[in-house]
Amino acid sequence: MSPVIEVASTLCLYILGVAMCLTFYRLWRGPSPQDRTIALDLFSTLVVGLLTIHAIQTDEHVYLTAAIAIAIISFIGTVAIALYIHRRGRR
Amino acid sequence: MIDIISAFLMIAGCLAMLTSAIGIVRMPDLFTRMHAASKVGTVGVSCVVLAAATHFAELTVVAPVLLTIVFFFATAPVAAHMVGRAAYGTGVRMWEGTVIDEWKQRPENPPFEPPET
């Protein structure tokens, strides 16, 4: 692995760590359940990016398959939570 | 050269995702937060997986990468629309500076209610 990729992937892992902390702040504070839902959705997107960068860093492309699986599961989960909130109605 | 392109795409995607995380913290309203989370997050993750495609440069990697990009571009608007409709239907308050609410402005539209089920 070249040093350019090594430095860049380490930097990207730090950036994504900061982004995950910010998203977790919204997940913790979020005034409405919908805020928490979009925070979870963004969190799973960040996990997909994290797995992809880990795949680049370790030269193992198996992690990309796990990233796709996490993307599909998070989409289904977001839609399910949104439908549940919608059908529960006004509080 | 390939390494530089891959590193550039990776850092650009990560900065886009950091932007979307900052947006989800700093935006004043649920709908604007959703805006930041869905659009910029999609662009960021697309750049990162394109970096993986340029780094590996095999067919067994490029095919899942294209699948991931198509999947994100297809599902992120759907999920954002579902969450936004649920938020509008359950009466989440908008920001005071909101300029336009097209559903409320048309007189033939009934007040938005969640379905009966």
# chains A, B, ... in the order shown; residues from 1 in each chain; ligands from 1

call {"tool": "residues_around", "arguments": {"residues": "B:Thr75", "least_positions_apart": "5", "cutoff": "9 Å", "atoms": "only C-alpha atoms", "output": "PyMOL selection string"}}
result
(chain A and resi 72+75) or (chain B and resi 70+80)

call {"tool": "interface_residues", "arguments": {"of": "chain A", "to": "chain B", "cutoff": "7 Å", "atoms": "only C-alpha atoms", "output": "list in words"}}
result
Val4, Ile5, Ala8, Cys12, Ile15, Leu16, Ala19, Leu22, Thr23, Arg26, Gln34, Asp35, Ile38, Leu42, Thr45, Gly49, Thr52, Ile56, His61, Ile68, Phe75, Thr78, Val79, Ala82, Ile85, His86, Arg87, Gly89 and Arg90 of chain A

call {"tool": "write_last_selection", "arguments": {"atoms": "C-alpha atoms", "output": "short mmCIF file (atom, residue, chain, number, x, y, z; two decimals), in the first residue's frame"}}
result
data_model
loop_
_atom_site.label_atom_id
_atom_site.label_comp_id
_atom_site.auth_asym_id
_atom_site.auth_seq_id
_atom_site.Cartn_x
_atom_site.Cartn_y
_atom_site.Cartn_z
CA VAL A 4 -0.58 8.40 0.01
CA ILE A 5 -3.42 5.94 0.54
CA ALA A 8 -5.46 9.66 3.36
CA CYS A 12 -10.61 9.99 6.56
CA ILE A 15 -12.96 12.88 9.86
CA LEU A 16 -15.64 10.20 9.94
CA ALA A 19 -18.90 13.24 11.92
CA LEU A 22 -21.84 15.10 15.70
CA THR A 23 -24.55 12.74 14.41
CA ARG A 26 -28.38 14.89 17.25
CA GLN A 34 -38.16 12.06 13.30
CA ASP A 35 -34.93 13.86 14.17
CA ILE A 38 -32.76 10.89 10.23
CA LEU A 42 -27.09 9.38 8.48
CA THR A 45 -24.51 6.09 5.87
CA GLY A 49 -18.32 5.00 4.38
CA THR A 52 -15.43 1.21 2.61
CA ILE A 56 -9.27 0.34 1.18
CA HIS A 61 -12.75 -6.00 -0.62
CA ILE A 68 -24.13 -2.96 0.92
CA PHE A 75 -33.12 1.78 4.37
CA THR A 78 -35.79 3.99 8.24
CA VAL A 79 -38.89 3.31 6.16
CA ALA A 82 -41.24 6.46 9.39
CA ILE A 85 -44.53 7.27 13.32
CA HIS A 86 -46.91 8.24 10.53
CA ARG A 87 -49.55 5.71 11.49
CA GLY A 89 -50.51 9.92 14.31
CA ARG A 90 -50.60 13.12 16.25
#

call {"tool": "atom_distance", "arguments": {"atom1": "atom CA of A:Val18", "atom2": "atom CA of A:Leu46"}}
result
10.6 Å

call {"tool": "residues_around", "arguments": {"residues": "A:Gly77", "least_positions_apart": "3", "cutoff": "10 Å", "atoms": "only C-alpha atoms", "output": "short mmCIF file (atom, residue, chain, number, x, y, z; two decimals) with C-alpha atoms, in the first residue's frame"}}
result
data_model
loop_
_atom_site.label_atom_id
_atom_site.label_comp_id
_atom_site.auth_asym_id
_atom_site.auth_seq_id
_atom_site.Cartn_x
_atom_site.Cartn_y
_atom_site.Cartn_z
CA THR A 37 -34.73 8.71 12.64
CA LEU A 40 -29.87 7.03 12.55
CA ASP A 41 -30.11 7.09 8.76
CA ALA A 71 -27.18 0.11 3.49
CA ILE A 72 -30.14 -2.14 2.63
CA ILE A 73 -30.97 -2.87 6.27
CA SER A 74 -30.79 0.81 7.22
CA ALA A 80 -40.34 1.10 8.90
CA ILE A 81 -39.77 3.72 11.62
CA ALA A 82 -41.24 6.46 9.39
CA LEU A 83 -44.34 4.38 8.66
CA ALA B 79 -36.48 7.45 2.94
#

call {"tool": "closest_residue", "arguments": {"among": "A:Tyr25, A:Arg36, A:Ser44, A:Thr10", "to": "A:Thr58", "atoms": "only C-alpha atoms"}}
result
A:Thr10

call {"tool": "atom_distance", "arguments": {"atom1": "atom CA of A:Tyr84", "atom2": "atom CA of B:Met94"}}
result
21.1 Å

call {"tool": "decode", "arguments": {"residues": "stretch 27-69 of chain A", "atoms": "N, CA and C atoms", "output": "PDB file, in the first residue's frame"}}
result
ATOM      1  N   LEU A  27     -28.698  12.515  17.607  1.00  0.00           N
ATOM      2  CA  LEU A  27     -29.476  11.332  18.010  1.00  0.00           C
ATOM      3  C   LEU A  27     -29.813  11.392  19.496  1.00  0.00           C
ATOM      4  N   TRP A  28     -28.931  12.007  20.278  1.00  0.00           N
ATOM      5  CA  TRP A  28     -29.151  12.084  21.719  1.00  0.00           C
ATOM      6  C   TRP A  28     -30.106  13.216  22.067  1.00  0.00           C
ATOM      7  N   ARG A  29     -29.910  14.400  21.435  1.00  0.00           N
ATOM      8  CA  ARG A  29     -30.698  15.568  21.761  1.00  0.00           C
ATOM      9  C   ARG A  29     -32.065  15.562  21.096  1.00  0.00           C
ATOM     10  N   GLY A  30     -32.115  15.172  19.819  1.00  0.00           N
ATOM     11  CA  GLY A  30     -33.197  15.390  18.888  1.00  0.00           C
ATOM     12  C   GLY A  30     -34.570  15.578  19.499  1.00  0.00           C
ATOM     13  N   PRO A  31     -35.215  16.718  19.285  1.00  0.00           N
ATOM     14  CA  PRO A  31     -36.484  16.950  19.977  1.00  0.00           C
ATOM     15  C   PRO A  31     -37.602  16.011  19.543  1.00  0.00           C
ATOM     16  N   SER A  32     -37.643  15.637  18.291  1.00  0.00           N
ATOM     17  CA  SER A  32     -38.740  14.770  17.853  1.00  0.00           C
ATOM     18  C   SER A  32     -38.181  13.411  17.438  1.00  0.00           C
ATOM     19  N   PRO A  33     -39.046  12.378  17.402  1.00  0.00           N
ATOM     20  CA  PRO A  33     -38.569  11.058  16.938  1.00  0.00           C
ATOM     21  C   PRO A  33     -38.074  11.076  15.505  1.00  0.00           C
ATOM     22  N   GLN A  34     -38.626  11.999  14.691  1.00  0.00           N
ATOM     23  CA  GLN A  34     -38.160  12.064  13.301  1.00  0.00           C
ATOM     24  C   GLN A  34     -36.722  12.530  13.213  1.00  0.00           C
ATOM     25  N   ASP A  35     -36.327  13.427  14.131  1.00  0.00           N
ATOM     26  CA  ASP A  35     -34.925  13.857  14.170  1.00  0.00           C
ATOM     27  C   ASP A  35     -34.020  12.673  14.463  1.00  0.00           C
ATOM     28  N   ARG A  36     -34.450  11.843  15.396  1.00  0.00           N
ATOM     29  CA  ARG A  36     -33.634  10.666  15.723  1.00  0.00           C
ATOM     30  C   ARG A  36     -33.582   9.699  14.553  1.00  0.00           C
ATOM     31  N   THR A  37     -34.709   9.616  13.798  1.00  0.00           N
ATOM     32  CA  THR A  37     -34.729   8.714  12.637  1.00  0.00           C
ATOM     33  C   THR A  37     -33.727   9.157  11.576  1.00  0.00           C
ATOM     34  N   ILE A  38     -33.711  10.465  11.264  1.00  0.00           N
ATOM     35  CA  ILE A  38     -32.764  10.895  10.230  1.00  0.00           C
ATOM     36  C   ILE A  38     -31.337  10.825  10.755  1.00  0.00           C
ATOM     37  N   ALA A  39     -31.156  10.996  12.075  1.00  0.00           N
ATOM     38  CA  ALA A  39     -29.808  10.848  12.616  1.00  0.00           C
ATOM     39  C   ALA A  39     -29.333   9.405  12.486  1.00  0.00           C
ATOM     40  N   LEU A  40     -30.243   8.445  12.726  1.00  0.00           N
ATOM     41  CA  LEU A  40     -29.870   7.031  12.550  1.00  0.00           C
ATOM     42  C   LEU A  40     -29.562   6.723  11.096  1.00  0.00           C
ATOM     43  N   ASP A  41     -30.339   7.321  10.182  1.00  0.00           N
ATOM     44  CA  ASP A  41     -30.114   7.090   8.760  1.00  0.00           C
ATOM     45  C   ASP A  41     -28.736   7.605   8.345  1.00  0.00           C
ATOM     46  N   LEU A  42     -28.409   8.829   8.805  1.00  0.00           N
ATOM     47  CA  LEU A  42     -27.092   9.383   8.477  1.00  0.00           C
ATOM     48  C   LEU A  42     -25.981   8.575   9.142  1.00  0.00           C
ATOM     49  N   PHE A  43     -26.278   8.050  10.345  1.00  0.00           N
ATOM     50  CA  PHE A  43     -25.272   7.252  11.046  1.00  0.00           C
ATOM     51  C   PHE A  43     -24.946   5.980  10.258  1.00  0.00           C
ATOM     52  N   SER A  44     -25.965   5.333   9.709  1.00  0.00           N
ATOM     53  CA  SER A  44     -25.692   4.121   8.926  1.00  0.00           C
ATOM     54  C   SER A  44     -24.958   4.465   7.630  1.00  0.00           C
ATOM     55  N   THR A  45     -25.271   5.647   7.051  1.00  0.00           N
ATOM     56  CA  THR A  45     -24.511   6.093   5.873  1.00  0.00           C
ATOM     57  C   THR A  45     -23.040   6.273   6.221  1.00  0.00           C
ATOM     58  N   LEU A  46     -22.788   6.857   7.408  1.00  0.00           N
ATOM     59  CA  LEU A  46     -21.400   7.034   7.836  1.00  0.00           C
ATOM     60  C   LEU A  46     -20.724   5.687   8.077  1.00  0.00           C
ATOM     61  N   VAL A  47     -21.486   4.701   8.576  1.00  0.00           N
ATOM     62  CA  VAL A  47     -20.897   3.382   8.793  1.00  0.00           C
ATOM     63  C   VAL A  47     -20.524   2.732   7.465  1.00  0.00           C
ATOM     64  N   VAL A  48     -21.361   2.963   6.429  1.00  0.00           N
ATOM     65  CA  VAL A  48     -21.029   2.442   5.097  1.00  0.00           C
ATOM     66  C   VAL A  48     -19.717   3.048   4.595  1.00  0.00           C
ATOM     67  N   GLY A  49     -19.571   4.367   4.778  1.00  0.00           N
ATOM     68  CA  GLY A  49     -18.318   5.001   4.384  1.00  0.00           C
ATOM     69  C   GLY A  49     -17.128   4.492   5.168  1.00  0.00           C
ATOM     70  N   LEU A  50     -17.360   4.266   6.473  1.00  0.00           N
ATOM     71  CA  LEU A  50     -16.283   3.762   7.333  1.00  0.00           C
ATOM     72  C   LEU A  50     -15.824   2.372   6.897  1.00  0.00           C
ATOM     73  N   LEU A  51     -16.796   1.509   6.565  1.00  0.00           N
ATOM     74  CA  LEU A  51     -16.444   0.155   6.122  1.00  0.00           C
ATOM     75  C   LEU A  51     -15.701   0.203   4.792  1.00  0.00           C
ATOM     76  N   THR A  52     -16.106   1.105   3.906  1.00  0.00           N
ATOM     77  CA  THR A  52     -15.429   1.209   2.613  1.00  0.00           C
ATOM     78  C   THR A  52     -13.985   1.667   2.796  1.00  0.00           C
ATOM     79  N   ILE A  53     -13.786   2.652   3.687  1.00  0.00           N
ATOM     80  CA  ILE A  53     -12.417   3.124   3.917  1.00  0.00           C
ATOM     81  C   ILE A  53     -11.581   2.046   4.594  1.00  0.00           C
ATOM     82  N   HIS A  54     -12.225   1.268   5.469  1.00  0.00           N
ATOM     83  CA  HIS A  54     -11.493   0.157   6.077  1.00  0.00           C
ATOM     84  C   HIS A  54     -11.116  -0.887   5.036  1.00  0.00           C
ATOM     85  N   ALA A  55     -11.994  -1.098   4.050  1.00  0.00           N
ATOM     86  CA  ALA A  55     -11.675  -2.026   2.964  1.00  0.00           C
ATOM     87  C   ALA A  55     -10.481  -1.530   2.167  1.00  0.00           C
ATOM     88  N   ILE A  56     -10.421  -0.208   1.912  1.00  0.00           N
ATOM     89  CA  ILE A  56      -9.270   0.338   1.178  1.00  0.00           C
ATOM     90  C   ILE A  56      -8.000   0.197   2.012  1.00  0.00           C
ATOM     91  N   GLN A  57      -8.138   0.456   3.304  1.00  0.00           N
ATOM     92  CA  GLN A  57      -6.958   0.478   4.166  1.00  0.00           C
ATOM     93  C   GLN A  57      -6.337  -0.903   4.327  1.00  0.00           C
ATOM     94  N   THR A  58      -7.175  -1.933   4.396  1.00  0.00           N
ATOM     95  CA  THR A  58      -6.654  -3.279   4.631  1.00  0.00           C
ATOM     96  C   THR A  58      -6.569  -4.113   3.361  1.00  0.00           C
ATOM     97  N   ASP A  59      -6.924  -3.529   2.180  1.00  0.00           N
ATOM     98  CA  ASP A  59      -6.924  -4.262   0.912  1.00  0.00           C
ATOM     99  C   ASP A  59      -7.787  -5.509   0.935  1.00  0.00           C
ATOM    100  N   GLU A  60      -8.885  -5.465   1.664  1.00  0.00           N
ATOM    101  CA  GLU A  60      -9.828  -6.584   1.704  1.00  0.00           C
ATOM    102  C   GLU A  60     -11.151  -6.083   1.152  1.00  0.00           C
ATOM    103  N   HIS A  61     -11.512  -6.547  -0.061  1.00  0.00           N
ATOM    104  CA  HIS A  61     -12.749  -5.999  -0.621  1.00  0.00           C
ATOM    105  C   HIS A  61     -13.989  -6.734  -0.135  1.00  0.00           C
ATOM    106  N   VAL A  62     -13.841  -7.609   0.857  1.00  0.00           N
ATOM    107  CA  VAL A  62     -15.019  -8.297   1.398  1.00  0.00           C
ATOM    108  C   VAL A  62     -15.898  -7.318   2.165  1.00  0.00           C
ATOM    109  N   TYR A  63     -15.276  -6.281   2.740  1.00  0.00           N
ATOM    110  CA  TYR A  63     -16.039  -5.328   3.550  1.00  0.00           C
ATOM    111  C   TYR A  63     -17.066  -4.556   2.733  1.00  0.00           C
ATOM    112  N   LEU A  64     -16.848  -4.463   1.409  1.00  0.00           N
ATOM    113  CA  LEU A  64     -17.822  -3.747   0.579  1.00  0.00           C
ATOM    114  C   LEU A  64     -19.172  -4.457   0.585  1.00  0.00           C
ATOM    115  N   THR A  65     -19.142  -5.785   0.622  1.00  0.00           N
ATOM    116  CA  THR A  65     -20.399  -6.538   0.677  1.00  0.00           C
ATOM    117  C   THR A  65     -21.144  -6.247   1.971  1.00  0.00           C
ATOM    118  N   ALA A  66     -20.403  -6.180   3.077  1.00  0.00           N
ATOM    119  CA  ALA A  66     -21.024  -5.827   4.354  1.00  0.00           C
ATOM    120  C   ALA A  66     -21.597  -4.419   4.304  1.00  0.00           C
ATOM    121  N   ALA A  67     -20.901  -3.521   3.585  1.00  0.00           N
ATOM    122  CA  ALA A  67     -21.400  -2.148   3.470  1.00  0.00           C
ATOM    123  C   ALA A  67     -22.735  -2.118   2.742  1.00  0.00           C
ATOM    124  N   ILE A  68     -22.857  -2.914   1.650  1.00  0.00           N
ATOM    125  CA  ILE A  68     -24.129  -2.957   0.920  1.00  0.00           C
ATOM    126  C   ILE A  68     -25.228  -3.514   1.811  1.00  0.00           C
ATOM    127  N   ALA A  69     -24.909  -4.550   2.590  1.00  0.00           N
ATOM    128  CA  ALA A  69     -25.918  -5.146   3.472  1.00  0.00           C
ATOM    129  C   ALA A  69     -26.394  -4.132   4.506  1.00  0.00           C
TER     130      ALA A  69
END
